[in-house]
$ cat entry-v3.tsv   # TSV, C-alpha atoms
chain	number	residue	atom	x	y	z
A	141	MET	CA	-48.81	30.70	-22.64
A	142	LEU	CA	-47.62	34.03	-21.23
A	143	GLU	CA	-50.00	35.85	-23.59
A	144	GLU	CA	-52.87	33.80	-22.16
A	145	LEU	CA	-51.81	34.62	-18.61
A	146	SER	CA	-51.67	38.35	-19.37
A	147	HIS	CA	-55.11	38.18	-20.98
A	148	VAL	CA	-56.58	36.50	-17.93
A	149	LEU	CA	-55.09	39.07	-15.60
A	150	ASN	CA	-56.38	41.96	-17.69
A	151	CYS	CA	-59.86	40.50	-17.47
A	152	VAL	CA	-59.75	40.43	-13.67
A	153	ASP	CA	-61.00	43.63	-12.08
A	154	ASN	CA	-57.94	45.87	-12.17
A	155	THR	CA	-58.70	47.36	-8.79
A	156	CYS	CA	-57.92	44.03	-7.23
A	157	ILE	CA	-54.48	43.71	-8.73
A	158	SER	CA	-51.58	45.14	-6.84
A	159	CYS	CA	-48.19	45.65	-8.31
A	160	VAL	CA	-46.27	44.52	-5.29
A	161	MET	CA	-45.33	41.00	-4.43
A	162	GLN	CA	-46.75	40.02	-1.12
A	163	LEU	CA	-44.81	37.43	0.80
A	164	SER	CA	-47.42	36.06	3.08
A	165	VAL	CA	-46.96	35.28	6.71
A	166	ALA	CA	-49.40	32.48	6.92
A	167	ASP	CA	-49.73	29.11	8.50
A	168	MET	CA	-50.14	27.41	5.20
A	169	GLU	CA	-50.09	28.15	1.54
A	170	CYS	CA	-51.45	26.51	-1.53
A	171	VAL	CA	-49.04	26.27	-4.41
A	172	VAL	CA	-49.26	25.42	-8.03
A	173	GLN	CA	-46.08	25.44	-10.05
A	174	GLY	CA	-45.67	25.08	-13.72
A	175	ILE	CA	-43.29	25.83	-16.52
A	176	ILE	CA	-44.04	27.85	-19.60
A	177	GLU	CA	-42.04	28.72	-22.61
A	178	THR	CA	-41.88	32.28	-23.76
A	179	GLN	CA	-40.22	34.28	-26.45
A	180	TYR	CA	-40.39	37.57	-24.53
A	181	ILE	CA	-41.60	39.13	-21.28
A	182	ILE	CA	-44.42	41.68	-21.20
A	183	LEU	CA	-43.27	44.49	-18.90
A	184	THR	CA	-46.66	45.24	-17.47
A	185	PHE	CA	-46.00	45.21	-13.75
A	186	LEU	CA	-43.24	45.90	-11.28
A	187	GLN	CA	-40.08	43.93	-11.89
A	188	LEU	CA	-38.96	41.77	-9.04
A	189	ILE	CA	-35.55	40.35	-8.35
A	190	MET	CA	-34.92	38.04	-5.47
A	191	ILE	CA	-32.08	35.95	-4.20
A	192	ILE	CA	-32.86	32.89	-2.15
A	193	TRP	CA	-30.31	31.21	0.05
A	194	THR	CA	-30.89	27.87	1.58
A	195	PHE	CA	-29.02	26.99	4.72
A	196	SER	CA	-28.73	23.80	6.63
A	197	ILE	CA	-27.22	23.14	10.02
A	198	GLY	CA	-25.42	19.93	10.83
A	199	THR	CA	-26.71	19.24	14.33
A	200	VAL	CA	-30.39	19.10	13.48
A	201	ALA	CA	-31.67	18.79	9.94
A	202	SER	CA	-33.20	22.22	9.46
A	203	GLU	CA	-33.34	24.27	6.34
A	204	VAL	CA	-34.10	27.94	6.18
A	205	ARG	CA	-34.36	30.36	3.27
A	206	LEU	CA	-33.11	33.92	3.25
A	207	LEU	CA	-34.68	36.22	0.71
A	208	CYS	CA	-33.32	39.54	-0.42
A	209	ASP	CA	-35.53	41.73	-2.54
A	210	LEU	CA	-33.19	43.78	-4.73
A	211	GLU	CA	-35.88	45.72	-6.52
A	212	GLN	CA	-36.21	48.34	-3.80
A	213	SER	CA	-33.68	51.16	-3.43
A	214	GLU	CA	-32.64	49.56	-0.14
A	215	PRO	CA	-32.53	45.74	-0.31
A	216	SER	CA	-35.07	44.23	2.04
A	217	TRP	CA	-34.57	40.89	3.74
A	218	SER	CA	-36.80	38.17	5.05
A	219	VAL	CA	-36.37	34.71	6.51
A	220	ARG	CA	-38.67	31.94	5.35
A	221	HIS	CA	-39.31	28.43	6.51
A	222	VAL	CA	-41.17	26.12	4.15
A	223	GLY	CA	-42.56	22.92	5.55
A	224	GLY	CA	-43.24	19.63	3.86
A	225	ALA	CA	-46.30	19.02	1.74
A	226	MET	CA	-49.51	18.00	3.45
A	227	ARG	CA	-50.15	14.29	3.11
A	228	GLY	CA	-53.04	11.97	3.72
A	229	ALA	CA	-56.70	11.93	2.82
A	230	GLY	CA	-57.04	15.71	3.01
A	231	ALA	CA	-54.21	16.23	0.55
A	232	GLU	CA	-55.65	13.74	-1.90
A	233	GLN	CA	-58.90	15.64	-2.06
A	234	VAL	CA	-57.32	18.86	-3.31
A	235	SER	CA	-55.59	19.38	-6.62
A	236	VAL	CA	-52.94	21.77	-5.28
A	237	LEU	CA	-49.90	21.40	-3.08
A	238	VAL	CA	-50.60	22.45	0.51
A	239	ARG	CA	-47.63	23.16	2.77
A	240	SER	CA	-46.78	25.27	5.80
A	241	MET	CA	-44.90	28.48	5.26
A	242	VAL	CA	-43.75	31.04	7.80
A	243	GLU	CA	-41.94	34.21	6.91
A	244	SER	CA	-40.43	37.00	8.94
A	245	LYS	CA	-39.15	40.30	7.61
A	246	THR	CA	-35.79	41.15	9.10
A	247	SER	CA	-33.16	43.86	9.13
A	248	LYS	CA	-30.09	43.43	6.99
A	249	ASN	CA	-27.97	41.18	9.20
A	250	ALA	CA	-29.85	37.94	8.51
A	251	LEU	CA	-27.06	36.40	6.46
A	252	ARG	CA	-24.38	37.17	9.08
A	253	LEU	CA	-26.61	35.90	11.86
A	254	PHE	CA	-27.27	32.53	10.31
A	255	TYR	CA	-23.61	32.03	9.42
A	256	ALA	CA	-22.70	32.89	13.02
A	257	LEU	CA	-25.27	30.41	14.33
A	258	GLY	CA	-23.50	27.64	12.45
A	259	TYR	CA	-25.72	27.35	9.44
A	260	LYS	CA	-23.98	26.25	6.27
A	261	PHE	CA	-24.69	27.80	2.92
A	262	ASP	CA	-26.38	25.36	0.56
A	263	HIS	CA	-27.23	27.19	-2.64
A	264	GLU	CA	-28.52	30.48	-3.94
A	265	LEU	CA	-30.78	31.39	-6.84
A	266	LEU	CA	-31.71	34.64	-8.46
A	267	ARG	CA	-35.34	35.04	-9.47
A	268	VAL	CA	-36.07	37.73	-12.02
A	269	GLY	CA	-39.59	38.38	-13.05
A	270	PHE	CA	-42.93	39.80	-12.13
A	271	SER	CA	-45.55	39.34	-9.51
A	272	PHE	CA	-49.29	39.88	-9.64
A	273	ASN	CA	-51.50	39.99	-6.62
A	274	PHE	CA	-55.31	39.89	-6.77
A	275	TYR	CA	-58.39	38.49	-5.11
A	276	ARG	CA	-60.41	35.82	-6.89
A	277	GLY	CA	-62.05	33.66	-4.27
A	278	ALA	CA	-58.78	33.88	-2.36
A	279	GLN	CA	-55.88	36.28	-2.18
A	280	ILE	CA	-53.75	34.92	-5.02
A	281	THR	CA	-50.21	35.82	-5.96
A	282	VAL	CA	-48.91	34.81	-9.36
A	283	THR	CA	-45.18	35.03	-9.94
A	284	VAL	CA	-43.64	34.63	-13.37
A	285	ALA	CA	-39.89	34.50	-13.14
A	286	SER	CA	-36.76	33.08	-14.64
A	287	ILE	CA	-34.61	31.11	-12.24
A	288	ASN	CA	-30.94	31.96	-12.50
A	289	LYS	CA	-27.82	30.64	-10.89
A	290	MET	CA	-24.84	32.78	-10.02
A	291	LEU	CA	-21.50	31.53	-11.21
A	292	LYS	CA	-19.75	33.31	-8.36
A	293	LEU	CA	-21.07	33.68	-4.83
A	294	HIS	CA	-23.64	36.54	-4.59
A	295	ALA	CA	-22.63	37.80	-8.07
A	296	THR	CA	-26.05	38.86	-9.34
A	297	ASP	CA	-24.57	40.58	-12.38
A	298	GLU	CA	-23.19	37.28	-13.60
A	299	ALA	CA	-26.31	35.19	-13.19
A	300	VAL	CA	-27.30	32.79	-15.97
A	301	PRO	CA	-30.66	31.08	-16.43
A	302	VAL	CA	-30.88	27.56	-15.14
A	303	THR	CA	-32.94	26.73	-18.21
A	304	LEU	CA	-32.80	29.23	-21.05
A	305	GLY	CA	-36.12	30.53	-22.34
A	306	ILE	CA	-38.19	28.86	-19.66
A	307	GLN	CA	-40.06	30.76	-16.95
A	308	MET	CA	-41.40	29.43	-13.69
A	309	VAL	CA	-45.06	30.28	-13.05
A	310	GLU	CA	-45.97	30.02	-9.40
A	311	VAL	CA	-49.47	30.59	-8.04
A	312	ILE	CA	-49.63	30.97	-4.27
A	313	ALA	CA	-52.43	31.78	-1.83
A	314	PRO	CA	-52.25	31.94	1.97
A	315	ALA	CA	-54.57	29.64	3.86
A	316	THR	CA	-55.29	28.33	7.32
A	317	SER	CA	-56.03	24.82	8.45
A	318	GLU	CA	-59.73	25.75	8.50
A	319	ASN	CA	-60.10	27.21	5.02
A	320	TYR	CA	-57.48	25.56	2.87
A	321	THR	CA	-60.04	23.57	0.88
A	322	GLU	CA	-61.86	26.76	-0.17
A	323	VAL	CA	-58.56	28.40	-1.07
A	324	ALA	CA	-57.51	25.34	-3.04
A	325	THR	CA	-60.80	25.44	-4.95
A	326	ALA	CA	-60.29	29.12	-5.80
A	327	MET	CA	-56.78	28.40	-7.01
A	328	SER	CA	-57.83	25.42	-9.09
A	329	SER	CA	-60.54	27.53	-10.67
A	330	PHE	CA	-58.05	30.25	-11.59
A	331	CYS	CA	-55.44	27.78	-12.79
A	332	GLU	CA	-57.85	26.37	-15.37
A	333	TYR	CA	-57.10	29.55	-17.33
A	334	LEU	CA	-53.46	28.52	-17.40
A	335	ALA	CA	-54.06	25.12	-18.85
A	336	PRO	CA	-52.80	24.77	-22.43
B	177	ILE	CA	-28.60	51.67	31.22
B	178	LEU	CA	-27.06	51.89	34.67
B	179	HIS	CA	-26.44	48.80	36.76
B	180	TRP	CA	-26.71	48.62	40.48
B	181	GLN	CA	-23.45	47.19	41.80
B	182	PRO	CA	-23.89	46.15	45.44
B	183	ASN	CA	-20.90	46.39	47.75
B	184	GLN	CA	-19.06	43.18	48.51
B	185	GLY	CA	-21.03	41.18	51.05
B	186	SER	CA	-24.23	43.20	50.76
B	187	GLU	CA	-27.51	41.90	49.43
B	188	MET	CA	-29.68	42.73	46.50
B	189	ASN	CA	-33.16	43.10	47.95
B	190	SER	CA	-36.46	44.84	47.48
B	191	GLN	CA	-35.57	47.43	50.13
B	192	VAL	CA	-32.77	48.72	47.89
B	193	LEU	CA	-35.20	48.76	44.96
B	194	GLU	CA	-37.69	50.77	46.99
B	195	GLU	CA	-35.01	53.30	48.00
B	196	ILE	CA	-33.95	53.71	44.39
B	197	SER	CA	-37.55	54.26	43.30
B	198	GLN	CA	-37.80	56.97	45.94
B	199	CYS	CA	-34.79	58.67	44.36
B	200	VAL	CA	-36.78	59.08	41.17
B	201	GLU	CA	-39.67	60.54	43.09
B	202	THR	CA	-37.24	62.91	44.82
B	203	LEU	CA	-36.47	64.28	41.36
B	204	ASN	CA	-40.22	64.78	40.81
B	205	GLY	CA	-40.53	61.78	38.57
B	206	VAL	CA	-44.12	60.90	37.74
B	207	LYS	CA	-44.99	57.24	37.51
B	208	GLU	CA	-46.57	56.46	34.16
B	209	GLY	CA	-46.87	52.71	34.12
B	210	SER	CA	-45.10	49.38	34.05
B	211	CYS	CA	-43.12	47.60	31.42
B	212	LYS	CA	-41.53	44.20	30.99
B	213	THR	CA	-38.80	43.24	28.58
B	214	SER	CA	-37.91	39.58	28.26
B	215	LEU	CA	-34.54	38.25	27.25
B	216	THR	CA	-34.01	34.61	26.31
B	217	PHE	CA	-30.64	32.89	26.26
B	218	TYR	CA	-30.50	30.21	23.56
B	219	LYS	CA	-28.38	27.10	23.35
B	220	PRO	CA	-27.71	24.90	20.34
B	221	ASN	CA	-29.78	21.74	20.14
B	222	LEU	CA	-26.95	19.23	19.89
B	223	GLN	CA	-26.86	15.47	20.03
B	224	ASP	CA	-23.14	15.61	20.67
B	225	GLN	CA	-22.59	17.98	23.59
B	226	SER	CA	-18.85	18.06	23.01
B	227	ALA	CA	-19.47	20.21	19.94
B	228	VAL	CA	-21.12	22.97	21.96
B	229	MET	CA	-18.01	25.16	21.79
B	230	ASP	CA	-18.40	25.33	18.01
B	231	PHE	CA	-21.57	27.38	18.44
B	232	PRO	CA	-22.15	30.81	19.95
B	233	ARG	CA	-22.86	30.81	23.67
B	234	ASP	CA	-24.13	34.38	23.76
B	235	PHE	CA	-27.07	34.07	21.38
B	236	MET	CA	-30.03	35.95	22.83
B	237	GLY	CA	-33.53	36.99	21.86
B	238	ILE	CA	-35.34	40.03	23.19
B	239	SER	CA	-39.00	41.00	23.13
B	240	MET	CA	-40.07	44.52	24.11
B	241	PRO	CA	-43.56	45.41	25.26
B	242	GLU	CA	-43.72	48.59	23.17
B	243	LEU	CA	-43.00	46.53	20.01
B	244	PRO	CA	-45.17	43.42	20.32
B	245	ASN	CA	-44.76	42.48	16.64
B	246	LYS	CA	-40.97	42.56	16.73
B	247	TYR	CA	-38.26	40.30	18.09
B	248	PHE	CA	-34.56	41.04	18.34
B	249	LEU	CA	-31.80	38.48	17.97
B	250	ILE	CA	-28.30	39.18	19.18
B	251	ILE	CA	-25.01	37.36	19.11
B	252	ARG	CA	-23.00	39.58	21.39
B	253	GLY	CA	-19.53	38.17	20.84
B	254	GLN	CA	-19.79	38.77	17.12
B	255	ARG	CA	-21.60	42.07	17.51
B	256	ILE	CA	-24.62	41.01	15.48
B	257	VAL	CA	-28.11	42.37	16.06
B	258	LEU	CA	-31.11	41.48	13.94
B	259	GLU	CA	-34.55	43.01	14.11
B	260	ALA	CA	-37.26	40.65	12.89
B	261	ASP	CA	-41.00	40.19	12.84
B	262	SER	CA	-42.17	38.18	15.84
B	263	SER	CA	-42.94	35.32	13.44
B	264	ILE	CA	-39.20	34.57	13.63
B	265	LEU	CA	-40.04	32.75	16.87
B	266	VAL	CA	-42.28	30.37	14.92
B	267	ILE	CA	-39.47	29.80	12.43
B	268	MET	CA	-37.00	29.08	15.25
B	269	GLU	CA	-39.45	26.63	16.76
B	270	LYS	CA	-39.74	24.83	13.42
B	271	LEU	CA	-35.99	24.86	12.82
B	272	GLN	CA	-35.27	23.32	16.23
B	273	SER	CA	-31.60	24.23	15.91
B	274	TYR	CA	-31.54	26.45	19.01
B	275	LYS	CA	-33.67	26.13	22.10
B	276	PRO	CA	-34.33	28.48	25.03
B	277	LYS	CA	-31.95	27.86	27.93
B	278	ALA	CA	-32.96	30.60	30.38
B	279	ILE	CA	-35.18	33.66	30.41
B	280	LEU	CA	-34.59	36.90	32.27
B	281	ASN	CA	-37.39	39.37	32.79
B	282	PHE	CA	-36.65	43.05	33.14
B	283	GLU	CA	-39.69	44.32	35.01
B	284	GLY	CA	-39.77	48.06	35.23
B	285	GLU	CA	-41.70	50.98	36.55
B	286	LEU	CA	-41.74	53.85	34.08
B	287	TYR	CA	-41.29	57.45	35.30
B	288	LYS	CA	-41.41	60.71	33.42
B	289	LEU	CA	-39.07	63.54	34.50
B	290	GLY	CA	-39.50	66.46	32.13
B	291	ASP	CA	-37.82	65.45	28.88
B	292	PHE	CA	-36.34	62.35	30.49
B	293	GLN	CA	-37.87	58.95	30.91
B	294	ILE	CA	-36.57	56.61	33.59
B	295	ARG	CA	-37.33	52.95	34.04
B	296	VAL	CA	-36.44	51.45	37.41
B	297	ILE	CA	-35.97	47.82	36.54
B	298	LYS	CA	-35.73	44.69	38.61
B	299	VAL	CA	-34.06	41.75	36.94
B	300	VAL	CA	-35.91	38.55	37.73
B	301	PRO	CA	-35.44	35.05	36.29
B	302	HIS	CA	-38.56	33.88	34.50
B	303	GLN	CA	-41.30	32.41	36.68
B	304	THR	CA	-39.53	33.31	39.90
B	305	GLU	CA	-39.73	36.22	42.30
B	306	THR	CA	-36.01	36.23	43.08
B	307	LEU	CA	-34.49	39.66	42.62
B	308	LYS	CA	-31.24	39.15	40.76
B	309	GLY	CA	-30.40	42.69	39.80
B	310	ILE	CA	-31.48	46.30	39.64
B	311	MET	CA	-31.06	48.61	36.68
B	312	VAL	CA	-32.11	52.05	35.66
B	313	GLU	CA	-32.79	52.84	32.00
B	314	ILE	CA	-32.62	56.52	31.10
B	315	ASP	CA	-34.00	58.01	27.88
B	316	TYR	CA	-33.69	61.61	26.76
B	317	LEU	CA	-36.69	61.98	24.49
B	318	PRO	CA	-36.04	65.18	22.48
B	319	ILE	CA	-32.80	63.98	20.86
B	320	SER	CA	-32.46	60.70	18.97
B	321	SER	CA	-28.79	61.21	18.10
B	322	VAL	CA	-26.54	59.16	20.35
B	323	GLU	CA	-23.64	61.57	19.94
B	324	ASN	CA	-25.63	64.76	20.42
B	325	SER	CA	-27.30	63.50	23.57
B	326	LYS	CA	-24.09	62.34	25.28
B	327	GLN	CA	-23.40	65.54	27.18
B	328	ILE	CA	-26.88	65.97	28.55
B	329	MET	CA	-27.09	62.30	29.45
B	330	LYS	CA	-23.80	62.55	31.32
B	331	GLU	CA	-25.06	65.52	33.28
B	332	PHE	CA	-28.27	63.73	34.19
B	333	ILE	CA	-26.39	60.60	35.24
B	334	ASP	CA	-24.14	62.70	37.50
B	335	ILE	CA	-27.23	64.23	39.14
B	336	TRP	CA	-28.79	60.79	39.50
B	337	LYS	CA	-25.71	59.29	41.14
B	338	GLU	CA	-25.53	62.22	43.54
B	339	VAL	CA	-29.17	61.75	44.57
B	340	VAL	CA	-28.64	58.03	45.09
B	341	SER	CA	-25.46	58.54	47.10
B	342	LYS	CA	-27.40	60.60	49.64
B	343	LYS	CA	-29.38	57.47	50.49
B	344	SER	CA	-26.16	55.84	51.72
B	345	LEU	CA	-27.07	52.54	50.14
B	346	ALA	CA	-24.56	49.70	50.10
B	347	GLY	CA	-23.64	49.97	46.47
B	348	GLU	CA	-23.51	52.28	43.49
B	349	PHE	CA	-24.71	52.58	39.93
B	350	THR	CA	-22.21	51.78	37.21
B	351	HIS	CA	-22.44	52.58	33.56
B	352	ALA	CA	-20.58	51.18	30.56
B	353	GLU	CA	-20.55	52.87	27.17
B	354	THR	CA	-21.79	50.77	24.27
B	355	ASN	CA	-20.01	50.93	20.94
B	356	TYR	CA	-23.00	50.77	18.63
B	357	ALA	CA	-20.85	51.14	15.51
B	358	GLU	CA	-19.48	47.66	16.16
B	359	TYR	CA	-22.98	46.36	15.57
B	360	GLY	CA	-23.32	48.37	12.37
B	361	LEU	CA	-25.77	50.74	14.04
B	362	GLY	CA	-25.84	54.43	13.22
B	363	ASP	CA	-26.05	57.50	15.35
B	364	ASN	CA	-29.85	57.66	15.25
B	365	TYR	CA	-31.08	55.75	18.31
B	366	THR	CA	-33.45	52.89	17.48
B	367	SER	CA	-34.95	49.88	19.19
B	368	GLN	CA	-31.98	47.87	17.90
B	369	HIS	CA	-29.75	50.09	20.06
B	370	THR	CA	-32.00	49.30	23.03
B	371	ALA	CA	-31.77	45.58	22.29
B	372	VAL	CA	-27.97	45.80	22.24
B	373	GLN	CA	-28.02	47.54	25.65
B	374	TYR	CA	-30.29	44.91	27.16
B	375	ALA	CA	-28.09	42.12	25.85
B	376	ALA	CA	-25.08	43.78	27.48
B	377	ALA	CA	-27.10	44.25	30.66
B	378	ALA	CA	-28.05	40.58	30.75
B	379	LEU	CA	-24.44	39.47	30.45
B	380	THR	CA	-23.38	41.97	33.09
B	381	GLN	CA	-26.11	40.52	35.28
B	382	LEU	CA	-24.81	36.99	34.74
B	383	ILE	CA	-21.29	38.05	35.71
B	384	GLN	CA	-22.58	39.93	38.72
B	385	SER	CA	-24.67	36.97	39.89
B	386	SER	CA	-21.73	34.59	39.62
B	387	GLN	CA	-19.49	37.03	41.54
B	388	LEU	CA	-22.07	37.30	44.32
B	389	ARG	CA	-22.31	33.52	44.52
B	390	SER	CA	-18.51	33.20	44.86
$ encode --input "entry-v3.tsv" --output "structure tokens"
Amino acid sequence: MLEELSHVLNCVDNTCISCVMQLSVADMECVVQGIIETQYIILTFLQLIMIIWTFSIGTVASEVRLLCDLEQSEPSWSVRHVGGAMRGAGAEQVSVLVRSMVESKTSKNALRLFYALGYKFDHELLRVGFSFNFYRGAQITVTVASINKMLKLHATDEAVPVTLGIQMVEVIAPATSENYTEVATAMSSFCEYLAP
Amino acid sequence: ILHWQPNQGSEMNSQVLEEISQCVETLNGVKEGSCKTSLTFYKPNLQDQSAVMDFPRDFMGISMPELPNKYFLIIRGQRIVLEADSSILVIMEKLQSYKPKAILNFEGELYKLGDFQIRVIKVVPHQTETLKGIMVEIDYLPISSVENSKQIMKEFIDIWKEVVSKKSLAGEFTHAETNYAEYGLGDNYTSQHTAVQYAAAALTQLIQSSQLRS
């Protein structure tokens, strides 16, 4: 499956592919998630490592994610809120998951701030993998990563895969309430290449 | 940032503000424009109000006109400052865990005096015209090091206070040093340093307002 993905991406015009993961600040995003099995990882693009914390606060049910990109020489932080999936007739007409997503880059004190505000730590995950960004009817980001849990708090060196030998493939594209159907169509078209 | 501390029993009014602005012009300050910084006090969105003491009461957010895409969050008691994209406001709105309680506007006139930049600021609660406080924000542009600029800033402040004292106004400017290291900030002055100063200024303003009321 990973070989097929790499082949598809090589066929796309290389000038459209960027090596950097873009975390979109958008009203909505279209998401397709899947699982593939792989024997090895092709080191073609920039490696990406990310920790995700989920917090919840007791007074009002609100969950927020803190992301720390460890790939850079200086870890960079962002705060992300992911909304629920779109429901109703509109959702039934598209073959992808549509949900709201807002992200804000922050300085390094995000973790301290949310603890101080009373948020409680829920869980953390380490994502290790690669990200591809290109335009094909929509600005699409494909992330292929292993999901790892840390046996001790924040101990990235001691992370172990949640499921050994299995990678998460995530295809994301930013959208607005006006154009999400076009974006969903572009994603569905691309994702046909990923079908076994 | 220097705060105007009125004498006991005297008022804070636009006449004092006008006199202070004239002090800047006495020093050959050239007006360059206006600016407005907004500071929001947040409170936790609680169903059980008795739990309010479990949450920080000095959580503030600051927007600056020169950085429209940024927003600064501060918890003063714990010495935390966070610089974020302005989309953090959308996230806070979605989270609904903290809500705005009060907003203070720092409306300033910007003056240029050689290598110095002075803002004469009136502190006004949002959507009112009531003058609650007067501040002066002084920047020395050539040096971004907090430590290296201390001496020259002190000299300028002494000159400023002397000019103001000649007006025989019923009050004086006070100045409190900020320990930026407590916030994890370095010697190179950044907008996070400014945010920390404004947060301190807002709390000073609150204390001053409550003292005037009593």
$ closest_residue --input "entry-v3.tsv" --among "B:Asp261, B:Phe349, B:Ile267, B:Trp180" --to "Gly223 in chain A" --atoms "all atoms listed in the file"
B:Ile267
$ residues_around --input "entry-v3.tsv" --residues "Glu232 in chain A" --least-positions-apart "6" --cutoff "12 Å" --atoms "only C-alpha atoms" --output "PDB file with C-alpha atoms, in the coordinates of the input"
ATOM      1  CA  ALA A 225     -46.300  19.020   1.740  1.00  0.00           C
ATOM      2  CA  MET A 226     -49.510  18.000   3.450  1.00  0.00           C
ATOM      3  CA  VAL A 238     -50.600  22.450   0.510  1.00  0.00           C
ATOM      4  CA  THR A 321     -60.040  23.570   0.880  1.00  0.00           C
ATOM      5  CA  ALA A 324     -57.510  25.340  -3.040  1.00  0.00           C
TER       6      ALA A 324
END
$ atom_distance --input "entry-v3.tsv" --atom1 "CA of Tyr356 in chain B" --atom2 "CA of Phe231 in chain B"
23.4 Å
$ closest_residue --input "entry-v3.tsv" --among "B:Ala371, B:Val339, B:Leu258, B:Ala278" --to "chain A" --atoms "only C-alpha atoms"
B:Leu258
$ closest_residue --input "entry-v3.tsv" --among "B:Lys212, B:His179, B:Lys326, B:Arg252" --to "chain A" --atoms "only C-alpha atoms"
B:Arg252
$ residues_around --input "entry-v3.tsv" --residues "Val266 in chain B" --least-positions-apart "5" --cutoff "9 Å" --atoms "all atoms listed in the file" --output "ChimeraX atom specification"
/A:242-243 /B:271
$ atom_distance --input "entry-v3.tsv" --atom1 "CA of Val312 in chain B" --atom2 "CA of Ile279 in chain B"
19.4 Å
$ interface_residues --input "entry-v3.tsv" --of "chain B" --to "chain A" --cutoff "10 Å" --atoms "all atoms listed in the file" --output "number ranges by chain"
B: 220-224, 227, 230-233, 235, 246-251, 253-268, 270-274, 359-360, 368
$ write_last_selection --input "entry-v3.tsv" --atoms "C-alpha atoms" --output "tab-separated table (two decimals), keeping the file's coordinate frame"
chain	number	residue	atom	x	y	z
B	220	PRO	CA	-27.71	24.90	20.34
B	221	ASN	CA	-29.78	21.74	20.14
B	222	LEU	CA	-26.95	19.23	19.89
B	223	GLN	CA	-26.86	15.47	20.03
B	224	ASP	CA	-23.14	15.61	20.67
B	227	ALA	CA	-19.47	20.21	19.94
B	230	ASP	CA	-18.40	25.33	18.01
B	231	PHE	CA	-21.57	27.38	18.44
B	232	PRO	CA	-22.15	30.81	19.95
B	233	ARG	CA	-22.86	30.81	23.67
B	235	PHE	CA	-27.07	34.07	21.38
B	246	LYS	CA	-40.97	42.56	16.73
B	247	TYR	CA	-38.26	40.30	18.09
B	248	PHE	CA	-34.56	41.04	18.34
B	249	LEU	CA	-31.80	38.48	17.97
B	250	ILE	CA	-28.30	39.18	19.18
B	251	ILE	CA	-25.01	37.36	19.11
B	253	GLY	CA	-19.53	38.17	20.84
B	254	GLN	CA	-19.79	38.77	17.12
B	255	ARG	CA	-21.60	42.07	17.51
B	256	ILE	CA	-24.62	41.01	15.48
B	257	VAL	CA	-28.11	42.37	16.06
B	258	LEU	CA	-31.11	41.48	13.94
B	259	GLU	CA	-34.55	43.01	14.11
B	260	ALA	CA	-37.26	40.65	12.89
B	261	ASP	CA	-41.00	40.19	12.84
B	262	SER	CA	-42.17	38.18	15.84
B	263	SER	CA	-42.94	35.32	13.44
B	264	ILE	CA	-39.20	34.57	13.63
B	265	LEU	CA	-40.04	32.75	16.87
B	266	VAL	CA	-42.28	30.37	14.92
B	267	ILE	CA	-39.47	29.80	12.43
B	268	MET	CA	-37.00	29.08	15.25
B	270	LYS	CA	-39.74	24.83	13.42
B	271	LEU	CA	-35.99	24.86	12.82
B	272	GLN	CA	-35.27	23.32	16.23
B	273	SER	CA	-31.60	24.23	15.91
B	274	TYR	CA	-31.54	26.45	19.01
B	359	TYR	CA	-22.98	46.36	15.57
B	360	GLY	CA	-23.32	48.37	12.37
B	368	GLN	CA	-31.98	47.87	17.90
$ residues_around --input "entry-v3.tsv" --residues "Met329 in chain B" --least-positions-apart "5" --cutoff "12 Å" --atoms "only C-alpha atoms" --output "PyMOL selection string"
chain B and resi 177-178+291-294+313-324+334-336+351+353
$ atom_distance --input "entry-v3.tsv" --atom1 "CA of Gln212 in chain A" --atom2 "CA of Val284 in chain A"
18.3 Å
$ axis_aligned_box --input "entry-v3.tsv" --around "range 203-221 of chain A" --padding-each-side "8 Å" --output "lines of an AutoDock Vina configuration file"
center_x = -35.9
center_y = 37.7
center_z = 0.0
size_x = 22.8
size_y = 42.9
size_z = 29.0
$ closest_residue --input "entry-v3.tsv" --among "A:Gly305, A:Leu206, A:Val323, A:Val311" --to "Phe254 in chain A" --atoms "all atoms listed in the file"
A:Leu206
$ closest_residue --input "entry-v3.tsv" --among "B:Ser210, B:Asn355, B:Thr216, B:Asn281" --to "Val299 in chain B" --atoms "only C-alpha atoms"
B:Asn281
$ residues_around --input "entry-v3.tsv" --residues "Ala299 in chain A" --least-positions-apart "5" --cutoff "12 Å" --atoms "only C-alpha atoms" --output "list in words"
Ile189, Met190, Ile191, Glu264, Leu265, Leu266, Arg267, Val268, Ser286, Ile287, Asn288, Lys289, Met290, Leu291, Lys292, Leu293, His294 and Leu304 of chain A
$ residues_around --input "entry-v3.tsv" --residues "range 189-191 of chain B" --least-positions-apart "5" --cutoff "10 Å" --atoms "all atoms listed in the file" --output "JSON, numbers by chain"
{"B": [196, 197, 298, 306, 307, 308, 309, 310, 345]}
